[in-house]
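Structure file my_file-v2.txt; described as compact mmCIF, C-alpha atoms.
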# COMPACT_ATOMS: atom_id res chain seq x y z
CA MET A 1451 -87.10 6.48 90.65
CA LYS A 1452 -87.69 3.98 93.43
CA ARG A 1453 -84.73 2.00 92.15
CA SER A 1454 -82.47 5.08 92.12
CA LEU A 1455 -83.47 5.95 95.66
CA ALA A 1456 -82.70 2.45 96.86
CA LEU A 1457 -79.33 2.54 95.14
CA ALA A 1458 -78.55 5.93 96.65
CA MET A 1459 -79.43 4.69 100.12
CA LEU A 1460 -77.33 1.60 99.61
CA LEU A 1461 -74.42 3.73 98.51
CA ALA A 1462 -74.82 6.06 101.49
CA LEU A 1463 -74.93 3.12 103.87
CA SER A 1464 -71.90 1.49 102.33
CA LEU A 1465 -69.90 4.69 102.73
CA ALA A 1466 -71.06 5.33 106.26
CA PRO A 1467 -68.47 3.17 108.05
CA ALA A 1468 -65.62 4.76 106.09
CA ALA A 1469 -66.82 8.23 106.92
CA ARG A 1470 -66.99 7.49 110.65
CA ALA A 1471 -64.65 9.70 112.62
CA ALA A 1472 -61.65 7.86 114.03
CA ASN A 1473 -61.59 7.48 117.78
CA GLU A 1474 -58.79 7.02 120.25
CA ALA A 1475 -58.90 3.25 119.95
CA ASP A 1476 -58.47 3.47 116.18
CA TYR A 1477 -55.50 5.77 116.65
CA LYS A 1478 -53.90 3.56 119.29
CA ALA A 1479 -54.23 0.49 117.09
CA ALA A 1480 -52.84 2.29 114.03
CA TYR A 1481 -50.01 3.81 116.05
CA ALA A 1482 -49.02 0.49 117.61
CA THR A 1483 -48.81 -1.13 114.16
CA ALA A 1484 -46.78 1.78 112.78
CA GLU A 1485 -44.47 1.80 115.77
CA ALA A 1486 -43.79 -1.93 115.42
CA ALA A 1487 -42.90 -1.50 111.74
CA SER A 1488 -40.73 1.50 112.58
CA LYS A 1489 -38.84 -0.52 115.20
CA GLU A 1490 -38.27 -3.28 112.68
CA ALA A 1491 -36.81 -0.75 110.23
CA ALA A 1492 -34.55 0.66 112.94
CA GLY A 1493 -33.42 -2.89 113.73
CA LEU A 1494 -32.39 -3.22 110.09
CA ARG A 1495 -30.37 0.03 110.50
CA ASN A 1496 -32.58 1.63 107.87
CA GLN A 1497 -34.91 4.03 109.60
CA TRP A 1498 -36.22 6.90 107.48
CA THR A 1499 -36.42 10.43 108.86
CA VAL A 1500 -39.92 10.81 107.45
CA THR A 1501 -41.17 7.78 109.38
CA VAL A 1502 -39.96 9.34 112.62
CA SER A 1503 -41.46 12.76 111.83
CA THR A 1504 -44.79 11.26 110.70
CA LEU A 1505 -45.04 9.23 113.91
CA ALA A 1506 -44.35 12.42 115.85
CA ALA A 1507 -47.08 14.19 113.87
CA ALA A 1508 -49.49 11.39 114.76
CA ARG A 1509 -48.70 11.76 118.46
CA LYS A 1510 -49.10 15.52 118.29
CA ALA A 1511 -52.50 15.27 116.59
CA ALA A 1512 -53.63 12.69 119.14
CA ASP A 1513 -52.49 14.92 122.00
CA GLY A 1514 -54.68 17.64 120.53
CA GLY A 1515 -57.65 15.27 120.33
CA ASP A 1516 -57.69 15.13 116.51
CA PHE A 1517 -57.89 11.36 116.11
CA ASP A 1518 -58.80 11.52 112.43
CA ARG A 1519 -55.54 13.22 111.61
CA ALA A 1520 -53.63 11.15 114.18
CA THR A 1521 -54.86 7.87 112.72
CA ALA A 1522 -54.16 8.98 109.15
CA ALA A 1523 -50.61 10.01 110.13
CA ALA A 1524 -50.03 6.72 111.95
CA ARG A 1525 -51.13 4.78 108.85
CA GLU A 1526 -48.85 6.87 106.69
CA ALA A 1527 -45.96 6.21 109.08
CA GLU A 1528 -46.68 2.49 108.86
CA ALA A 1529 -46.55 2.64 105.05
CA LEU A 1530 -43.25 4.54 105.18
CA ALA A 1531 -41.75 2.08 107.66
CA LYS A 1532 -42.81 -0.85 105.51
CA ALA A 1533 -41.22 0.76 102.47
CA SER A 1534 -37.95 1.19 104.36
CA ILE A 1535 -38.07 -2.47 105.44
CA PHE A 1536 -38.61 -3.51 101.83
CA GLN A 1537 -35.69 -1.32 100.79
CA ALA A 1538 -33.38 -2.78 103.43
CA ASN A 1539 -34.26 -6.33 102.45
CA SER A 1540 -34.01 -5.83 98.70
CA GLU A 1541 -30.70 -3.97 99.05
CA LYS A 1542 -29.11 -6.98 100.74
CA ASP A 1543 -28.32 -8.19 97.22
CA ALA A 1544 -29.29 -5.30 94.97
CA TRP A 1545 -26.29 -3.15 96.06
CA LYS A 1546 -23.99 -5.35 94.02
CA ALA A 1547 -25.54 -4.07 90.80
CA MET A 1548 -24.04 -0.66 91.49
CA GLU A 1549 -20.55 -1.86 92.37
CA ILE A 1550 -17.58 -0.78 90.26
CA ARG A 1551 -15.86 -3.94 89.07
CA MET B 54 -26.82 -51.72 78.70
CA LYS B 55 -23.53 -50.47 77.31
CA ALA B 56 -25.30 -47.59 75.56
CA ARG B 57 -27.07 -46.62 78.79
CA PHE B 58 -23.77 -46.71 80.68
CA SER B 59 -22.13 -44.50 78.07
CA LEU B 60 -25.00 -42.08 78.25
CA LEU B 61 -24.74 -41.93 82.03
CA LEU B 62 -20.98 -41.45 81.87
CA GLY B 63 -21.41 -38.73 79.24
CA SER B 64 -23.98 -36.88 81.37
CA LEU B 65 -21.75 -37.12 84.42
CA SER B 66 -18.78 -35.74 82.52
CA ALA B 67 -20.88 -32.88 81.17
CA ALA B 68 -22.11 -32.07 84.66
CA LEU B 69 -18.54 -32.13 86.01
CA VAL B 70 -17.32 -29.83 83.24
CA ALA B 71 -20.21 -27.44 83.88
CA PHE B 72 -19.43 -27.44 87.61
CA ALA B 73 -15.74 -26.87 86.99
CA LEU B 74 -16.53 -23.97 84.70
CA THR B 75 -19.00 -22.27 86.98
CA SER B 76 -17.60 -22.85 90.47
CA PRO B 77 -14.35 -20.85 90.15
CA ARG B 78 -16.37 -17.92 88.87
CA VAL B 79 -18.65 -18.07 91.90
CA THR B 80 -15.65 -18.25 94.21
CA ALA B 81 -13.94 -15.35 92.49
CA ALA B 82 -17.05 -13.20 92.67
CA ASP B 83 -17.48 -13.90 96.38
CA LYS B 84 -13.82 -13.49 97.28
CA VAL B 85 -12.94 -10.19 98.92
CA ASP B 86 -10.12 -8.68 96.88
CA PRO B 87 -9.35 -5.13 98.03
CA VAL B 88 -6.43 -4.75 95.60
CA ALA B 89 -8.62 -5.54 92.60
CA ASP B 90 -11.42 -3.38 93.99
CA ALA B 91 -9.12 -0.38 94.43
CA LYS B 92 -7.70 -0.80 90.95
CA ALA B 93 -11.17 -1.00 89.39
CA PHE B 94 -12.37 1.95 91.47
CA GLN B 95 -9.49 4.20 90.45
CA ASN B 96 -9.64 3.12 86.79
CA PHE B 97 -13.34 3.94 86.69
CA PHE B 98 -12.66 7.57 87.61
CA PHE B 99 -9.48 7.90 85.58
CA GLN B 100 -11.35 6.70 82.48
CA LYS B 101 -14.49 8.70 83.17
CA PHE B 102 -12.48 11.91 83.62
CA PRO B 103 -9.38 11.47 81.45
CA ASP B 104 -8.53 15.20 81.62
CA VAL B 105 -8.39 15.32 85.42
CA LYS B 106 -4.92 14.79 86.84
CA HIS B 107 -4.99 11.85 89.19
CA GLU B 108 -3.84 13.82 92.22
CA ASP B 109 -6.50 16.43 91.51
CA PHE B 110 -9.41 14.11 92.40
CA VAL B 111 -8.80 14.88 96.07
CA ASN B 112 -10.00 18.42 95.39
CA GLY B 113 -13.54 17.14 94.95
CA PRO B 114 -15.89 19.41 92.99
CA TYR B 115 -13.00 21.71 92.02
CA SER B 116 -11.49 18.92 89.96
CA MET B 117 -14.74 18.74 88.00
CA ASN B 118 -15.39 22.41 87.29
CA ALA B 119 -12.81 24.95 86.07
CA ASP B 120 -14.70 28.04 87.24
CA MET B 121 -15.14 26.69 90.74
CA LYS B 122 -11.50 25.69 90.79
CA ARG B 123 -10.33 29.22 90.01
CA GLN B 124 -12.54 30.66 92.75
CA TRP B 125 -11.25 28.08 95.23
CA GLN B 126 -7.62 28.75 94.35
CA GLU B 127 -8.14 32.43 95.11
CA LYS B 128 -9.89 31.57 98.35
CA GLU B 129 -6.94 29.39 99.37
CA GLU B 130 -4.85 32.54 99.83
CA PHE B 131 -6.88 33.20 102.97
CA PRO B 132 -8.46 29.81 103.55
CA PRO B 133 -11.58 29.64 105.72
CA TYR B 134 -10.17 26.72 107.71
CA GLU B 135 -7.19 28.72 108.92
CA PHE B 136 -8.70 29.52 112.33
CA ALA B 137 -9.46 25.85 112.94
CA LEU B 138 -5.95 24.93 111.86
CA ASP B 139 -4.36 27.38 114.32
CA ALA B 140 -6.69 26.25 117.10
CA GLY B 141 -5.89 22.60 116.35
CA LYS B 142 -2.16 23.23 116.49
CA GLU B 143 -2.49 24.89 119.87
CA MET B 144 -4.80 22.20 121.24
CA PHE B 145 -2.44 19.51 120.00
CA ALA B 146 0.47 21.00 121.92
CA THR B 147 -1.46 21.79 125.10
CA PRO B 148 -0.90 19.14 127.79
CA PHE B 149 -3.81 17.29 129.40
CA LYS B 150 -4.33 17.69 133.16
CA ASN B 151 -1.97 14.74 133.71
CA GLY B 152 0.79 16.46 131.78
CA LYS B 153 0.69 14.20 128.73
CA THR B 154 -0.24 15.36 125.24
CA TYR B 155 -1.81 13.93 122.09
CA ALA B 156 1.69 13.29 120.82
CA ASP B 157 2.07 10.58 123.48
CA CYS B 158 -0.82 8.59 121.97
CA PHE B 159 0.35 8.42 118.36
CA PRO B 160 3.29 7.10 116.38
CA ASN B 161 5.78 9.79 115.37
CA GLY B 162 4.24 12.11 117.95
CA GLY B 163 1.12 12.38 115.76
CA ILE B 164 2.94 14.36 113.08
CA GLY B 165 2.60 13.31 109.44
CA ILE B 166 0.52 10.21 110.13
CA ARG B 167 -2.93 11.14 108.79
CA GLN B 168 -2.37 9.03 105.65
CA ASN B 169 -2.32 5.86 107.77
CA TYR B 170 -5.81 6.36 109.18
CA PRO B 171 -8.10 4.55 109.49
CA TYR B 172 -6.29 1.34 110.31
CA PHE B 173 -7.49 -2.11 111.30
CA ASP B 174 -6.78 -2.89 114.93
CA GLY B 175 -6.12 -6.62 115.25
CA LYS B 176 -6.63 -6.58 119.02
CA GLU B 177 -10.04 -4.95 118.88
CA GLY B 178 -10.93 -6.64 115.61
CA LYS B 179 -12.30 -3.36 114.26
CA VAL B 180 -11.40 -0.30 112.23
CA VAL B 181 -9.96 2.62 114.18
CA THR B 182 -10.34 6.07 112.65
CA LEU B 183 -8.30 9.14 113.50
CA GLU B 184 -11.30 10.77 115.19
CA LEU B 185 -11.86 7.68 117.31
CA ALA B 186 -8.17 7.44 118.20
CA LEU B 187 -8.16 11.10 119.28
CA ASN B 188 -11.10 10.63 121.64
CA ARG B 189 -9.62 7.41 122.98
CA CYS B 190 -6.44 9.32 123.66
CA ARG B 191 -8.40 11.94 125.57
CA GLU B 192 -10.28 9.37 127.62
CA ALA B 193 -7.13 7.39 128.38
CA ASN B 194 -5.71 10.60 129.83
CA GLY B 195 -8.74 11.42 131.97
CA GLU B 196 -10.32 13.96 129.61
CA GLN B 197 -13.87 14.12 128.28
CA PRO B 198 -14.31 13.02 124.66
CA TYR B 199 -15.11 15.68 122.06
CA SER B 200 -18.11 15.74 119.74
CA TYR B 201 -17.19 13.75 116.66
CA VAL B 202 -18.77 16.08 114.18
CA LYS B 203 -17.22 19.55 114.49
CA ASP B 204 -15.44 22.20 116.56
CA GLU B 205 -12.53 20.78 118.56
CA MET B 206 -12.44 17.44 116.73
CA ALA B 207 -12.42 19.22 113.39
CA SER B 208 -9.62 21.51 114.57
CA LEU B 209 -7.46 18.66 115.83
CA THR B 210 -7.90 16.57 112.69
CA ALA B 211 -7.33 19.68 110.56
CA TYR B 212 -3.93 20.16 112.16
CA MET B 213 -2.99 16.51 111.89
CA ALA B 214 -4.08 16.40 108.23
CA PHE B 215 -2.06 19.53 107.54
CA THR B 216 1.10 17.85 108.82
CA SER B 217 0.49 15.09 106.27
CA ARG B 218 -0.35 17.25 103.27
CA GLY B 219 0.99 15.80 100.06
CA LYS B 220 1.71 12.38 101.54
CA PRO B 221 -0.01 9.56 99.65
CA MET B 222 -2.88 7.82 101.40
CA ASP B 223 -1.47 4.57 102.70
CA ILE B 224 -4.14 2.33 104.20
CA ARG B 225 -3.24 -1.27 104.95
CA ILE B 226 -5.52 -4.27 105.06
CA PRO B 227 -3.80 -6.96 107.11
CA ASP B 228 -4.15 -10.63 106.31
CA ASP B 229 -6.99 -11.01 108.76
CA PRO B 230 -10.49 -12.18 107.75
CA ARG B 231 -12.01 -9.57 110.07
CA ALA B 232 -10.17 -6.78 108.24
CA LEU B 233 -11.40 -8.11 104.90
CA GLU B 234 -14.90 -8.30 106.34
CA ALA B 235 -14.66 -4.67 107.51
CA PHE B 236 -13.56 -3.62 104.02
CA GLU B 237 -16.42 -5.57 102.43
CA ASN B 238 -18.93 -4.15 104.92
CA GLY B 239 -17.73 -0.66 104.09
CA LYS B 240 -18.09 -1.37 100.40
CA ARG B 241 -21.60 -2.69 100.90
CA TYR B 242 -22.53 0.38 102.93
CA PHE B 243 -21.18 2.66 100.21
CA TYR B 244 -23.27 1.04 97.47
CA THR B 245 -26.46 0.38 99.45
CA ARG B 246 -29.45 2.59 98.74
CA ARG B 247 -31.12 4.07 101.78
CA GLY B 248 -33.52 6.76 102.88
CA GLN B 249 -36.81 7.78 101.33
CA LEU B 250 -34.93 9.20 98.33
CA ASN B 251 -33.47 5.74 97.67
CA PHE B 252 -29.92 7.04 97.22
CA SER B 253 -26.66 5.30 97.96
CA CYS B 254 -23.36 7.14 98.45
CA ALA B 255 -22.54 5.91 94.95
CA SER B 256 -25.68 7.43 93.42
CA CYS B 257 -24.11 10.85 93.81
CA HIS B 258 -20.38 10.23 94.03
CA VAL B 259 -19.95 7.44 91.45
CA GLN B 260 -22.83 7.86 89.05
CA SER B 261 -22.99 11.66 89.02
CA PRO B 262 -19.72 13.40 89.96
CA GLY B 263 -19.41 16.71 88.15
CA GLU B 264 -23.19 16.94 87.81
CA ARG B 265 -25.18 19.44 89.78
CA ILE B 266 -27.56 18.54 92.55
CA ARG B 267 -29.42 21.77 93.09
CA ALA B 268 -26.65 24.40 93.25
CA GLU B 269 -23.84 22.03 94.20
CA VAL B 270 -21.38 20.22 91.98
CA LEU B 271 -21.02 16.64 93.18
CA ALA B 272 -17.56 15.44 94.15
CA PRO B 273 -16.11 12.17 92.86
CA ALA B 274 -15.91 9.39 95.45
CA LEU B 275 -12.25 8.85 94.60
CA GLY B 276 -10.18 10.78 97.13
CA ILE B 277 -13.25 12.27 98.79
CA LEU B 278 -11.82 11.76 102.28
CA ASN B 279 -8.30 12.95 101.48
CA ALA B 280 -9.29 16.59 102.01
CA MET B 281 -11.08 16.01 105.33
CA PRO B 282 -11.85 17.74 107.59
CA ILE B 283 -13.40 20.56 105.59
CA TYR B 284 -14.72 24.03 106.04
CA ARG B 285 -18.11 24.07 104.34
CA SER B 286 -19.78 27.34 103.53
CA GLU B 287 -23.10 25.49 103.78
CA TRP B 288 -22.27 24.62 107.38
CA SER B 289 -20.66 27.99 108.13
CA GLY B 290 -17.95 26.04 109.84
CA MET B 291 -15.74 23.01 109.97
CA GLY B 292 -16.89 19.43 109.74
CA THR B 293 -15.27 16.05 110.21
CA ILE B 294 -15.62 12.83 108.26
CA SER B 295 -18.29 11.81 110.78
CA ARG B 296 -20.22 14.97 110.01
CA ARG B 297 -19.98 14.29 106.28
CA PHE B 298 -21.46 10.78 106.67
CA VAL B 299 -24.21 11.95 109.01
CA THR B 300 -25.18 14.79 106.66
CA CYS B 301 -25.18 12.54 103.59
CA ASN B 302 -27.54 10.15 105.33
CA SER B 303 -29.90 12.94 106.40
CA GLN B 304 -29.97 14.36 102.90
CA THR B 305 -31.36 11.08 101.58
CA ARG B 306 -33.91 11.13 104.41
CA ALA B 307 -32.27 8.25 106.23
CA VAL B 308 -31.83 8.51 109.98
CA PRO B 309 -28.07 8.82 110.44
CA LEU B 310 -26.19 6.32 112.55
CA ALA B 311 -24.25 7.36 115.62
CA PRO B 312 -20.90 8.91 114.66
CA GLN B 313 -18.16 6.26 114.71
CA SER B 314 -20.66 3.42 114.52
CA ASP B 315 -19.20 0.29 112.92
CA GLU B 316 -20.77 1.04 109.54
CA TYR B 317 -19.23 4.51 109.35
CA ARG B 318 -15.85 3.21 110.45
CA ASP B 319 -15.99 0.51 107.78
CA VAL B 320 -17.08 2.83 104.96
CA GLU B 321 -14.24 5.17 105.91
CA TYR B 322 -11.87 2.21 105.69
CA PHE B 323 -13.19 1.28 102.25
CA LEU B 324 -13.13 4.80 100.83
CA SER B 325 -9.68 5.51 102.21
CA TYR B 326 -8.21 2.26 100.93
CA VAL B 327 -9.48 2.76 97.38
CA ALA B 328 -7.86 6.22 97.46
CA ASN B 329 -4.43 4.79 98.29
CA GLY B 330 -1.69 6.65 96.47
CA LEU B 331 -3.62 9.92 96.21
CA PRO B 332 -2.27 12.78 98.34
CA ILE B 333 -3.67 14.02 101.62
CA ALA B 334 -5.10 17.48 100.98
CA GLY B 335 -6.79 18.28 104.28
CA PRO B 336 -7.99 20.48 105.68
CA GLY B 337 -10.13 21.46 102.74
CA ALA B 338 -12.74 24.04 101.86
CA ARG B 339 -15.98 23.29 100.07
CA PRO B 340 -19.02 25.38 99.07
Show me the file's structure as structure tokens.
Amino acid sequence: MKRSLALAMLLALSLAPAARAANEADYKAAYATAEAASKEAAGLRNQWTVTVSTLAAARKAADGGDFDRATAAAREAEALAKASIFQANSEKDAWKAMEIR
Amino acid sequence: MKARFSLLLGSLSAALVAFALTSPRVTAADKVDPVADAKAFQNFFFQKFPDVKHEDFVNGPYSMNADMKRQWQEKEEFPPYEFALDAGKEMFATPFKNGKTYADCFPNGGIGIRQNYPYFDGKEGKVVTLELALNRCREANGEQPYSYVKDEMASLTAYMAFTSRGKPMDIRIPDDPRALEAFENGKRYFYTRRGQLNFSCASCHVQSPGERIRAEVLAPALGILNAMPIYRSEWSGMGTISRRFVTCNSQTRAVPLAPQSDEYRDVEYFLSYVANGLPIAGPGARP
């Protein structure tokens, strides 16, 4: 019993940081990272519409004071931007596989 | 010693033979050869659709589907692009404020020349499309440029295409490395996957012409620009080649480039060149 209680407390404590509500600083950091990745994708002429709209959703949530949602959206935008960068780089050679010869 | 020398000589000879065998292949693969590309491109479609008459590819989805073709042929009796065509004819003849007209900007007074666009301009070192040339003409005569995607630009290009109907596409690639580079860039753009859906132009118009994507029948890439500009029921209006590229990009969830950006000019050059010999059919109508 004692052992179970200790384990439960340990589990609760380990989850506590993850469950903490995001604050403005978290959002700003996540947004800055996402924005940098998005700019890199645009520089490669391979921006995705969903990256742009997800960044806009992050800003809108932050304007409304919902930093949990804003931070989550910013992180999603970062993932999308990184995927578009990967696509642009891999397509530098991969396009040839589709060419009619 | 002699044996070692022979071994060395043998290895060297083998290496030389291997190099000689592989290097021309590498050079050939890297060499830009628009003539070979166009031939391969056309053969691909001719073999994939042996029942489609070659000149019929310019009719896009109608060449792929008999029912749609019949409906379109009936619609052509009162074509939806007719208003744009009339407006374009009038605009073309109306003088600018300085008294000049579009005819002053183009060879042969702008009549029957659509099949020569886009062309590579040696002075600028870039591809010049008909839409770009029309706006340059306006600006050179003190007028504001038109939107590249619809309305007036679509009307003007509709009229100019109409005066070229039936003439074979005749795009030239001069002996200029920059022209070859533009062709190659256009080809690369055409085959490159982009957007969240990871589609290239070729995903739809090479791999899947005749197939449906939702309710639409996909057009073959061969001759896809010959019928431009088009009236699209989906747009409830006319659209230019620029509009077609922008829309295609958006549909794959890629942020479109600015109309007449270098990439769009180059892909137009590539697609037009590989359609050489097929008739101009613009303006067209599409679902």
Interface residues on chain A facing chain B, 12 Å, all atoms listed in the file, written as a ChimeraX atom specification: /A:1488,1491-1503,1529-1551
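The interatomic distance for the pair atom CA of Cys158 of chain B and atom CA of Ala193 of chain B works out to 9.1 Å.
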Residues within 7 Å of (-52.8, 7.7, 115.2), file coords, all atoms listed in the file, listed as a PDB file with C-alpha atoms, in the coordinates of the input:
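Result file is result.pdb:
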ATOM      1  CA  TYR A1477     -55.500   5.770 116.650  1.00  0.00           C
ATOM      2  CA  LYS A1478     -53.900   3.560 119.290  1.00  0.00           C
ATOM      3  CA  ALA A1480     -52.840   2.290 114.030  1.00  0.00           C
ATOM      4  CA  TYR A1481     -50.010   3.810 116.050  1.00  0.00           C
ATOM      5  CA  ALA A1508     -49.490  11.390 114.760  1.00  0.00           C
ATOM      6  CA  ARG A1509     -48.700  11.760 118.460  1.00  0.00           C
ATOM      7  CA  ALA A1512     -53.630  12.690 119.140  1.00  0.00           C
ATOM      8  CA  PHE A1517     -57.890  11.360 116.110  1.00  0.00           C
ATOM      9  CA  ALA A1520     -53.630  11.150 114.180  1.00  0.00           C
ATOM     10  CA  THR A1521     -54.860   7.870 112.720  1.00  0.00           C
ATOM     11  CA  ALA A1522     -54.160   8.980 109.150  1.00  0.00           C
ATOM     12  CA  ALA A1523     -50.610  10.010 110.130  1.00  0.00           C
ATOM     13  CA  ALA A1524     -50.030   6.720 111.950  1.00  0.00           C
TER      14      ALA A1524
END
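The interatomic distance for the pair atom CA of Leu209 of chain B and atom CA of Leu278 of chain B works out to 15.8 Å.
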Nearby residues (all atoms listed in the file) at most 12 Å from Ser289 of chain B, same-chain spacing under 5 positions excluded, as an NGL selection string: :B and (133-134 or 203-204 or 283-284 or 338-340)
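Atom CA of Phe173 of chain B sits 15.8 Å away from atom CA of Val85 of chain B.
For Gln197 of chain B, the list of residues within 12 Å, based on all atoms listed in the file and with local chain neighbours fewer than 4 positions off taken out, reads Phe149, Lys150, Leu187, Asn188, Arg189, Cys190, Arg191, Glu192, Ala193 and Glu205 of chain B.
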Restricting it to C-alpha atoms, dump the selection as a short mmCIF file (atom, residue, chain, number, x, y, z; two decimals), in the frame of the given file.
data_model
loop_
_atom_site.label_atom_id
_atom_site.label_comp_id
_atom_site.auth_asym_id
_atom_site.auth_seq_id
_atom_site.Cartn_x
_atom_site.Cartn_y
_atom_site.Cartn_z
CA PHE B 149 -3.81 17.29 129.40
CA LYS B 150 -4.33 17.69 133.16
CA LEU B 187 -8.16 11.10 119.28
CA ASN B 188 -11.10 10.63 121.64
CA ARG B 189 -9.62 7.41 122.98
CA CYS B 190 -6.44 9.32 123.66
CA ARG B 191 -8.40 11.94 125.57
CA GLU B 192 -10.28 9.37 127.62
CA ALA B 193 -7.13 7.39 128.38
CA GLU B 205 -12.53 20.78 118.56
#
Would you kindly place N, CA and C atoms on segment 167-187 of chain B and return the model as a compact mmCIF listing (two decimals), in the frame of the given file?
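Result went into result.txt, see below:
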# COMPACT_ATOMS: atom_id res chain seq x y z
N ARG B 167 -1.52 11.16 109.21
CA ARG B 167 -2.93 11.14 108.79
C ARG B 167 -3.18 10.10 107.69
N GLN B 168 -2.18 9.93 106.80
CA GLN B 168 -2.37 9.03 105.65
C GLN B 168 -2.50 7.56 106.05
N ASN B 169 -2.21 7.26 107.31
CA ASN B 169 -2.32 5.86 107.77
C ASN B 169 -3.64 5.57 108.49
N TYR B 170 -4.53 6.54 108.50
CA TYR B 170 -5.81 6.36 109.18
C TYR B 170 -6.96 6.39 108.19
N PRO B 171 -7.93 5.50 108.39
CA PRO B 171 -8.10 4.55 109.49
C PRO B 171 -7.24 3.31 109.29
N TYR B 172 -7.03 2.60 110.39
CA TYR B 172 -6.29 1.34 110.31
C TYR B 172 -7.13 0.24 110.97
N PHE B 173 -6.77 -1.00 110.68
CA PHE B 173 -7.49 -2.11 111.30
C PHE B 173 -6.72 -2.54 112.54
N ASP B 174 -7.41 -2.51 113.68
CA ASP B 174 -6.78 -2.89 114.93
C ASP B 174 -7.05 -4.38 115.19
N GLY B 175 -6.00 -5.17 115.08
CA GLY B 175 -6.12 -6.62 115.25
C GLY B 175 -6.61 -7.02 116.63
N LYS B 176 -6.22 -6.24 117.65
CA LYS B 176 -6.63 -6.58 119.02
C LYS B 176 -8.13 -6.39 119.20
N GLU B 177 -8.61 -5.25 118.73
CA GLU B 177 -10.04 -4.95 118.88
C GLU B 177 -10.86 -5.69 117.83
N GLY B 178 -10.22 -5.99 116.71
CA GLY B 178 -10.93 -6.64 115.61
C GLY B 178 -11.81 -5.67 114.85
N LYS B 179 -11.48 -4.37 114.93
CA LYS B 179 -12.30 -3.36 114.26
C LYS B 179 -11.43 -2.26 113.66
N VAL B 180 -12.08 -1.44 112.85
CA VAL B 180 -11.40 -0.30 112.23
C VAL B 180 -11.30 0.83 113.25
N VAL B 181 -10.15 1.46 113.30
CA VAL B 181 -9.96 2.62 114.18
C VAL B 181 -9.67 3.84 113.31
N THR B 182 -10.52 4.84 113.43
CA THR B 182 -10.34 6.07 112.65
C THR B 182 -9.51 7.06 113.46
N LEU B 183 -9.08 8.12 112.80
CA LEU B 183 -8.30 9.14 113.50
C LEU B 183 -9.15 9.83 114.57
N GLU B 184 -10.41 10.10 114.21
CA GLU B 184 -11.30 10.77 115.19
C GLU B 184 -11.48 9.89 116.43
N LEU B 185 -11.67 8.62 116.20
CA LEU B 185 -11.86 7.68 117.31
C LEU B 185 -10.59 7.61 118.16
N ALA B 186 -9.44 7.54 117.48
CA ALA B 186 -8.17 7.44 118.20
C ALA B 186 -7.93 8.70 119.04
N LEU B 187 -8.34 9.85 118.52
CA LEU B 187 -8.16 11.10 119.28
C LEU B 187 -9.01 11.09 120.55
